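Novice: My questions all concern the structure below.
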Amino acid sequence: GVIALSDFSSKAARAVEDAVKDLEEQGVDRYKPVVYTVSNTGELLEALDEKRPPLTTKPLIVRVNFLTASASEILAGALQDNCRAVLVGTKTFGKGVIQGIFQFSDGSGIKLTIGKYLTPRRRDINKKGIYPDFFLMPSPEKADKKLTMCESF
């Protein structure tokens with residue numbers, strides 16, 4: 001099954017959950033979500049609940065490229081670090097900082113880095129990006145082998 005997520009917004013978590021439930025009812029045996037960031041405010045990270053069980057335990061294939069940045073990039077890295085997904089495509093953007101914009105009363109402003117994203121294995125992706133496991137779509141067997149060989153931390 002394919003889940004295409006073209007926008008990381010506050011509605012994304014619900015859209016993915018609905019899509020997974022629908023595909024599970026259809027009897028899908030694996031997923032190929034497509035994760036591209038078009039406009040990212042980081043709202044999805046707040047919508048995720050780490051205490052919830054995963055929507056599925058089936059293998060995931062996540063497509064990434066140079067536009068995969070910020071929250072979608074951290075999600076892809078977390079899935080990779082936790083041996084839940086193989087990443088396919090090209091190196092991600094490398095946006096691993098949280099920035100705040102502060103305006104002053106005279107109309108000027110300043111943009112400050114106020115935080116840093118790290119993957120669960122504490123990989124700093126800022127200006128480095130995340131390299132995919134495969135550049136081309138692997139066969140189901142190759143994807144499964146990669147996930148089987150992966151060591152979760």
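Residue numbers start at 1 in each chain; chains themselves are named A, B, ... in the order of the structure tokens; ligands are numbered from 1 in the order shown.
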Could you pull out the strand (DSSP E) residues of range 56-153 of chain A from DSSP and send them as a PyMOL selection string?
Specialist: chain A and resi 60-64+85-89+97-103+109-116
Novice: Within 6 Å of range 83-91 of chain A, counting only C-alpha atoms, which residues show up once you throw out same-chain ones fewer than 6 positions away? Write them as an NGL selection string, please.
Specialist: :A and (60-66 or 129-135 or 147 or 150 or 152)
Novice: Tell me, in Å to one decimal, how far CA of Met149 in chain A is from CA of Tyr31 in chain A.
Specialist: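 Calculated distance between CA of Met149 in chain A and CA of Tyr31 in chain A is 18.8 Å.
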Novice: What's the 10 Å shell around Glu73 in chain A, counting only C-alpha atoms, without same-chain residues fewer than 5 positions away, as a PyMOL selection string?
Specialist: chain A and resi 35-37+64-68+78-79+92-96+117+119+125+129-130
Novice: Select from range 4-125 of chain A everything DSSP, run on the backbone, classes as helix (DSSP H, G or I), then give the selection as a ChimeraX atom specification.
Specialist: /A:12-25,43-47,71-81
Novice: Figure out the distance between CA of Ala76 in chain A and CA of Ala13 in chain A, please, to one decimal in Å.
Specialist: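 For CA of Ala13 in chain A relative to CA of Ala76 in chain A, the distance reads 14.3 Å.
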Novice: Could you list, as a list of chain:residue names, every residue within 6 Å of range 98-102 of chain A, counting only C-alpha atoms and ignoring same-chain residues fewer than 3 positions away?
Specialist: A:Gly109, A:Ile110, A:Lys111, A:Leu112, A:Thr113, A:Ile114, A:Gly115, A:Lys116
Novice: Which residues of range 53-149 of chain A sit at most 10 Å from range 15-26 of chain A, using only C-alpha atoms? Give each one's shortest atom pair and distance in Å (one decimal place), in chain and ascending residue order, as a Markdown table.
Specialist:
```
| residue | atom | partner | partner_atom | distance |
| --- | --- | --- | --- | --- |
| A:Pro54 | CA | A:Glu17 | CA | 9.9 |
| A:Leu55 | CA | A:Glu17 | CA | 6.9 |
| A:Thr56 | CA | A:Val20 | CA | 7.5 |
| A:Lys58 | CA | A:Glu24 | CA | 10.0 |
```
Novice: Using Å and a single decimal, report how far CA of Pro53 in chain A sits from CA of Glu151 in chain A.
Specialist: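 Separation of CA of Glu151 in chain A and CA of Pro53 in chain A: 19.8 Å.
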